[in-house]
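Coordinates as given in structure-v1.txt (compact mmCIF, C-alpha atoms):
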# COMPACT_ATOMS: atom_id res chain seq x y z
CA MET A 66 -56.92 -61.59 4.60
CA ASP A 67 -58.89 -62.94 7.55
CA THR A 68 -55.62 -63.49 9.39
CA ILE A 69 -54.63 -59.88 8.85
CA GLN A 70 -58.04 -58.67 10.03
CA SER A 71 -57.80 -60.78 13.16
CA LEU A 72 -54.31 -59.48 13.90
CA ILE A 73 -55.53 -55.90 13.46
CA LYS A 74 -58.48 -56.49 15.81
CA THR A 75 -56.19 -58.08 18.38
CA ALA A 76 -53.85 -55.10 18.21
CA GLY A 77 -56.81 -52.73 18.51
CA SER A 78 -58.10 -54.54 21.57
CA ALA A 79 -54.65 -54.36 23.17
CA LEU A 80 -54.58 -50.61 22.54
CA GLY A 81 -58.15 -50.13 23.74
CA ILE A 82 -59.41 -49.25 20.25
CA ASP A 83 -62.65 -50.90 19.18
CA ASN A 84 -63.58 -51.64 15.55
CA LEU A 85 -60.00 -51.31 14.28
CA THR A 86 -59.98 -52.48 10.67
CA LEU A 87 -57.62 -52.53 7.72
CA TRP A 88 -59.60 -49.74 6.05
CA SER A 89 -59.32 -47.54 9.13
CA LEU A 90 -55.56 -48.07 9.10
CA LEU A 91 -55.46 -47.12 5.43
CA ARG A 92 -57.46 -43.96 6.18
CA VAL A 93 -55.02 -43.13 8.95
CA ALA A 94 -52.07 -43.62 6.57
CA VAL A 95 -53.68 -41.32 3.99
CA MET A 96 -54.44 -38.75 6.68
CA VAL A 97 -50.83 -38.85 7.90
CA LEU A 98 -49.54 -38.29 4.37
CA VAL A 99 -51.99 -35.47 3.64
CA GLY A 100 -51.45 -33.95 7.09
CA TRP A 101 -47.68 -34.01 6.61
CA LEU A 102 -48.01 -32.17 3.29
CA VAL A 103 -50.41 -29.60 4.77
CA ILE A 104 -48.14 -29.03 7.77
CA ARG A 105 -45.13 -28.48 5.49
CA LEU A 106 -47.12 -25.97 3.44
CA LEU A 107 -48.35 -24.12 6.52
CA MET A 108 -44.88 -24.03 8.06
CA ARG A 109 -43.42 -22.54 4.87
CA MET A 110 -46.08 -19.84 4.89
CA ALA A 111 -45.45 -19.16 8.58
CA ASP A 112 -41.68 -18.91 8.02
CA ARG A 113 -42.21 -16.34 5.26
CA LEU A 114 -44.39 -14.25 7.54
CA LEU A 115 -41.84 -14.51 10.37
CA ASP A 116 -39.02 -13.48 8.05
CA GLN A 117 -40.95 -10.33 7.12
CA SER A 118 -41.52 -9.33 10.75
CA LYS A 119 -38.44 -7.79 12.37
CA SER A 120 -40.09 -7.53 15.80
CA VAL A 121 -40.08 -11.32 16.28
CA ALA A 122 -36.73 -12.05 14.63
CA ALA A 123 -35.12 -12.93 17.96
CA ILE A 124 -37.73 -15.59 18.80
CA LYS A 125 -38.45 -16.83 15.27
CA SER A 126 -37.00 -20.27 15.96
CA TYR A 127 -39.11 -20.67 19.12
CA ILE A 128 -42.30 -19.70 17.31
CA HIS A 129 -41.44 -22.07 14.47
CA THR A 130 -40.97 -24.98 16.90
CA ALA A 131 -44.12 -24.20 18.90
CA LEU A 132 -46.27 -23.92 15.77
CA ASN A 133 -44.86 -27.16 14.36
CA VAL A 134 -45.63 -29.03 17.60
CA PHE A 135 -49.14 -27.57 17.71
CA LEU A 136 -49.96 -28.62 14.13
CA TRP A 137 -48.73 -32.17 14.71
CA PHE A 138 -50.77 -32.29 17.92
CA LEU A 139 -53.91 -31.33 15.99
CA LEU A 140 -53.16 -34.04 13.44
CA ALA A 141 -52.71 -36.57 16.24
CA LEU A 142 -56.14 -35.63 17.65
CA MET A 143 -57.72 -36.10 14.21
CA LEU A 144 -56.09 -39.51 13.86
CA ALA A 145 -57.32 -40.50 17.30
CA GLU A 146 -60.90 -39.57 16.35
CA THR A 147 -60.55 -41.63 13.18
CA LEU A 148 -59.46 -44.67 15.20
CA GLY A 149 -62.35 -44.26 17.62
CA VAL A 150 -60.42 -42.71 20.50
CA LYS A 151 -62.29 -39.80 22.11
CA ALA A 152 -60.19 -36.66 21.71
CA THR A 153 -61.97 -35.02 24.65
CA SER A 154 -60.54 -37.56 27.06
CA ILE A 155 -57.03 -36.95 25.68
CA ILE A 156 -57.42 -33.19 26.00
CA ALA A 157 -58.71 -33.52 29.57
CA MET A 158 -55.79 -35.74 30.53
CA LEU A 159 -53.29 -33.34 28.94
CA SER A 160 -54.94 -30.39 30.69
CA VAL A 161 -54.49 -32.01 34.09
CA ALA A 162 -50.90 -32.91 33.26
CA GLY A 163 -50.23 -29.38 31.98
CA LEU A 164 -51.63 -27.86 35.18
CA ALA A 165 -49.40 -30.05 37.31
CA VAL A 166 -46.34 -29.20 35.24
CA SER A 167 -47.11 -25.46 35.28
CA LEU A 168 -47.43 -25.47 39.08
CA ALA A 169 -44.17 -27.39 39.45
CA LEU A 170 -42.31 -25.13 37.01
CA GLN A 171 -43.93 -21.82 37.94
CA ASN A 172 -40.64 -19.89 38.31
CA THR A 173 -39.21 -21.41 35.13
CA LEU A 174 -42.31 -20.52 33.13
CA SER A 175 -42.27 -16.95 34.46
CA ASN A 176 -38.64 -16.67 33.34
CA LEU A 177 -39.62 -17.98 29.90
CA ALA A 178 -42.40 -15.41 29.65
CA GLY A 179 -40.02 -12.66 30.73
CA GLY A 180 -37.48 -13.85 28.17
CA LEU A 181 -40.06 -13.62 25.40
CA VAL A 182 -40.92 -10.08 26.49
CA LEU A 183 -37.26 -9.02 26.46
CA LEU A 184 -36.55 -10.67 23.10
CA VAL A 185 -39.56 -9.01 21.47
CA THR A 186 -39.31 -5.51 23.01
CA LYS A 187 -35.46 -5.44 22.89
CA PRO A 188 -34.73 -2.90 25.65
CA PHE A 189 -31.06 -3.86 25.24
CA SER A 190 -28.77 -5.88 23.00
CA PRO A 191 -25.51 -7.76 23.61
CA GLY A 192 -22.73 -5.22 24.10
CA ASP A 193 -24.93 -2.54 25.74
CA TYR A 194 -24.02 -1.24 29.18
CA VAL A 195 -27.20 -1.58 31.25
CA GLU A 196 -28.33 -0.90 34.80
CA ALA A 197 -31.34 -2.94 35.95
CA ASP A 198 -32.59 -4.70 39.08
CA GLY A 199 -29.59 -3.50 41.10
CA VAL A 200 -27.06 -4.90 38.61
CA SER A 201 -24.84 -2.85 36.28
CA GLY A 202 -22.75 -4.30 33.49
CA THR A 203 -22.35 -5.11 29.82
CA ILE A 204 -24.93 -7.49 28.34
CA ALA A 205 -23.16 -10.67 27.24
CA GLY A 206 -26.22 -12.63 26.10
CA VAL A 207 -29.99 -13.05 26.38
CA THR A 208 -31.67 -16.47 26.55
CA LEU A 209 -35.25 -17.43 27.31
CA SER A 210 -34.48 -17.94 31.00
CA TYR A 211 -31.59 -15.68 31.97
CA THR A 212 -29.73 -12.55 30.89
CA THR A 213 -25.97 -12.51 31.40
CA PHE A 214 -24.21 -9.37 32.70
CA ILE A 215 -20.45 -8.80 32.69
CA THR A 216 -19.59 -6.28 35.42
CA PRO A 217 -16.71 -3.77 35.14
CA ASP A 218 -14.69 -5.90 37.61
CA ASN A 219 -15.15 -8.93 35.29
CA LYS A 220 -17.88 -10.80 37.17
CA GLU A 221 -20.48 -12.80 35.26
CA ILE A 222 -23.98 -12.39 36.69
CA PHE A 223 -27.04 -14.34 35.53
CA VAL A 224 -30.27 -12.42 36.20
CA PRO A 225 -33.66 -14.19 35.80
CA ASN A 226 -35.70 -12.68 32.98
CA SER A 227 -38.80 -12.54 35.17
CA GLN A 228 -37.06 -9.92 37.31
CA LEU A 229 -35.65 -7.93 34.39
CA SER A 230 -38.96 -7.76 32.50
CA ALA A 231 -40.59 -6.11 35.53
CA ALA A 232 -37.65 -3.86 36.51
CA LYS A 233 -36.63 -0.35 35.48
CA ILE A 234 -33.93 -0.68 32.82
CA ILE A 235 -31.38 2.06 32.07
CA ASN A 236 -29.53 1.55 28.79
CA TYR A 237 -26.45 3.76 28.51
CA ASN A 238 -25.53 2.77 24.94
CA VAL A 239 -28.71 2.65 22.91
CA LEU A 240 -28.72 6.39 22.01
CA GLY A 241 -25.03 6.39 21.11
CA LYS A 242 -23.94 9.38 23.22
CA ARG A 243 -24.20 10.59 26.82
CA ARG A 244 -24.18 13.97 28.50
CA MET A 245 -21.70 14.60 31.30
CA ASP A 246 -22.19 17.21 34.04
CA LEU A 247 -19.18 18.01 36.23
CA ASN A 248 -18.93 20.53 39.06
CA PHE A 249 -15.71 22.32 39.99
CA THR A 250 -15.20 24.88 42.74
CA ALA A 251 -12.82 27.83 42.75
CA SER A 252 -11.93 30.59 45.16
CA TYR A 253 -13.84 33.88 45.23
CA ASP A 254 -10.49 35.55 44.53
CA ALA A 255 -10.20 33.86 41.09
CA PRO A 256 -11.80 35.93 38.27
CA THR A 257 -14.57 34.11 36.44
CA ALA A 258 -12.89 34.58 33.04
CA GLN A 259 -9.68 33.04 34.39
CA VAL A 260 -11.49 29.99 35.77
CA ARG A 261 -13.47 29.55 32.55
CA ALA A 262 -10.26 29.79 30.47
CA ALA A 263 -8.58 27.12 32.60
CA ILE A 264 -11.51 24.71 32.19
CA GLU A 265 -11.89 25.38 28.45
CA GLU A 266 -8.18 24.70 27.98
CA THR A 267 -8.70 21.24 29.47
CA LEU A 268 -11.81 20.62 27.37
CA ALA A 269 -9.82 21.36 24.21
CA ALA A 270 -7.02 18.98 25.23
CA VAL A 271 -9.10 15.93 26.20
CA PRO A 272 -9.97 13.62 23.26
CA GLY A 273 -13.43 12.09 22.94
CA ILE A 274 -15.51 15.21 23.65
CA LEU A 275 -18.12 15.80 20.95
CA GLY A 276 -18.23 19.17 19.23
CA ASP A 277 -21.97 19.06 18.61
CA PRO A 278 -23.48 19.95 21.01
CA ALA A 279 -20.48 22.03 22.02
CA PRO A 280 -19.21 21.83 25.62
CA ALA A 281 -20.12 24.75 27.88
CA VAL A 282 -18.95 26.19 31.21
CA TYR A 283 -21.40 27.97 33.54
CA LEU A 284 -21.07 29.72 36.88
CA SER A 285 -23.73 27.71 38.69
CA GLU A 286 -23.70 28.54 42.39
CA TYR A 287 -22.25 30.88 45.05
CA GLN A 288 -21.33 28.68 47.97
CA SER A 289 -20.20 29.58 51.50
CA SER A 290 -16.48 29.54 50.73
CA SER A 291 -16.24 28.99 46.97
CA ILE A 292 -17.88 29.51 43.61
CA GLN A 293 -19.17 26.44 41.79
CA TYR A 294 -18.79 26.05 38.01
CA LEU A 295 -20.83 23.57 35.98
CA VAL A 296 -19.14 21.91 33.00
CA ARG A 297 -21.60 20.32 30.56
CA LEU A 298 -20.46 18.26 27.57
CA TRP A 299 -21.40 15.32 25.38
CA THR A 300 -19.36 12.21 24.58
CA SER A 301 -19.93 8.83 22.98
CA ALA A 302 -21.10 6.10 25.34
CA GLY A 303 -17.88 4.15 24.91
CA ASP A 304 -15.65 7.15 25.77
CA TYR A 305 -17.64 8.33 28.79
CA TRP A 306 -15.40 7.13 31.61
CA ASN A 307 -12.13 7.89 29.80
CA VAL A 308 -13.30 11.49 29.29
CA TYR A 309 -14.57 11.72 32.88
CA TYR A 310 -11.28 10.77 34.52
CA ALA A 311 -9.21 12.77 32.03
CA LEU A 312 -11.21 15.93 32.86
CA ILE A 313 -10.99 15.38 36.61
CA GLU A 314 -7.20 15.18 36.39
CA GLY A 315 -6.78 17.79 33.67
CA VAL A 316 -8.77 20.54 35.39
CA ARG A 317 -6.68 20.26 38.54
CA GLU A 318 -3.46 20.69 36.57
CA SER A 319 -4.94 23.53 34.50
CA PHE A 320 -6.07 25.38 37.64
CA ALA A 321 -2.51 25.11 38.98
CA ARG A 322 -1.07 26.58 35.77
CA HIS A 323 -3.54 29.48 35.74
CA GLY A 324 -3.16 30.22 39.45
CA VAL A 325 -6.76 29.25 40.31
CA GLU A 326 -7.19 28.00 43.86
CA MET A 327 -9.40 24.94 44.30
CA THR A 328 -11.08 25.54 47.64
CA TYR A 329 -12.07 22.87 50.12
CA ASP A 330 -13.85 22.80 53.44
CA HIS A 331 -11.56 23.46 56.38
CA LEU A 332 -11.88 24.40 60.04
CA ASN A 333 -10.00 27.21 61.76
CA VAL A 334 -9.56 26.80 65.51
CA HIS A 335 -8.77 29.92 67.56
CA ILE A 336 -7.50 29.50 71.12
CA VAL A 337 -8.47 32.36 73.35
CA GLU A 338 -6.35 32.81 76.46
CA LYS A 339 -8.05 34.03 79.55
Take the structure I supplied and represent it as structure tokens, if you would.
Amino acid sequence: MDTIQSLIKTAGSALGIDNLTLWSLLRVAVMVLVGWLVIRLLMRMADRLLDQSKSVAAIKSYIHTALNVFLWFLLALMLAETLGVKATSIIAMLSVAGLAVSLALQNTLSNLAGGLVLLVTKPFSPGDYVEADGVSGTIAGVTLSYTTFITPDNKEIFVPNSQLSAAKIINYNVLGKRRMDLNFTASYDAPTAQVRAAIEETLAAVPGILGDPAPAVYLSEYQSSSIQYLVRLWTSAGDYWNVYYALIEGVRESFARHGVEMTYDHLNVHIVEK
């Protein structure tokens, strides 16, 4: 027994721990066992609360890990106090180390904070077509540091979350449908009813246009050499561009069939002989 006590004291002296005894080691062992059970119980309760909250579902695993590390850190401080190590000195040392790390990783930490904001607020989801911070594309994925965009010309762009969380974000998919406003011009010689009939014929032929709200054609402006007609319609977000290009092409052909002239700016030059 004396040999064991001497070995324990020698180990304590090597570690800088005074008055290390067999009983203190036993207390530490009991505290570790009890602390492990308490941490398991608390983590189960925390997981149940996280499962009930939909707003933090995207970062549930990160919160679980952070809480687990924090609880074990508290247990380590309690064990240090039991062994005679001043917890205040450990906290002070960790504070200095944390300050140094935070200064060195300032940009990375700001990206992490921005990622948490995006994952909690959910301004977009993978598959949405988004315009933000000068980048437009389909969201391929969101991590704690970067958000991945796939552009229409098949480029993969990684945007730091710190920039996205502070930028204006336009989500074209989240509401499910988009309104389209197109302007067409026709000659003053073309009757309004004839122009409207030609446009409505194209609207009826193009698939993907929603019936509710119904598309509408308005005479919107009298210009210097033409009359402008506004075509307003709704389509699903996924069909937007297909409908857009189909209407642009279809209206031109429909105007030709109905004898409607599509005017354009031109310059007449008259040569006067003297």
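Taking CA of Phe249 in chain A and CA of Tyr294 in chain A as the two end points, the separation is 5.2 Å.
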Residue list as a compact mmCIF listing (two decimals) with C-alpha atoms, in the coordinates of the input for point (-35.3, -11.2, 29.8), cut-off 7 Å, all atoms listed in the file:
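Now in out-v1.txt:
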# COMPACT_ATOMS: atom_id res chain seq x y z
CA GLY A 179 -40.02 -12.66 30.73
CA GLY A 180 -37.48 -13.85 28.17
CA LEU A 181 -40.06 -13.62 25.40
CA VAL A 182 -40.92 -10.08 26.49
CA LEU A 183 -37.26 -9.02 26.46
CA LEU A 184 -36.55 -10.67 23.10
CA VAL A 207 -29.99 -13.05 26.38
CA LEU A 209 -35.25 -17.43 27.31
CA SER A 210 -34.48 -17.94 31.00
CA TYR A 211 -31.59 -15.68 31.97
CA THR A 212 -29.73 -12.55 30.89
CA PRO A 225 -33.66 -14.19 35.80
CA ASN A 226 -35.70 -12.68 32.98
CA SER A 227 -38.80 -12.54 35.17
CA LEU A 229 -35.65 -7.93 34.39
CA SER A 230 -38.96 -7.76 32.50
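The space between CA of Ala232 in chain A and CA of Ala302 in chain A spans 22.3 Å.
For the pair CA of Trp101 in chain A and CA of Thr130 in chain A, the interatomic distance is 15.2 Å.
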### Task
Please provide the set of residues having any atom within 12 Å of Val325 in chain A, restricted to only C-alpha atoms, with same-chain residues fewer than 6 positions apart removed, written as a PyMOL selection string.
chain A and resi 249-264+291-292+316-319
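With only C-alpha atoms as the atoms that count, the residue of A:Pro217, A:Glu265, A:Glu196, A:Thr186 with the shortest distance to Phe320 in chain A is A:Glu265.
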### Query
Residues at most 9 Å from Gly241 in chain A, counting all atoms listed in the file, excluding those fewer than 6 positions away in the same chain, as a VMD selection string?
chain A and resid 300 to 303
### Message
Neighbouring residues of range 221-224 of chain A were defined as those with any atom within 9 Å, considering all atoms listed in the file; residues of the same chain fewer than 6 positions away were excluded. Please report them as a PyMOL selection string.
### Response
chain A and resi 198+200+202+205+210-215
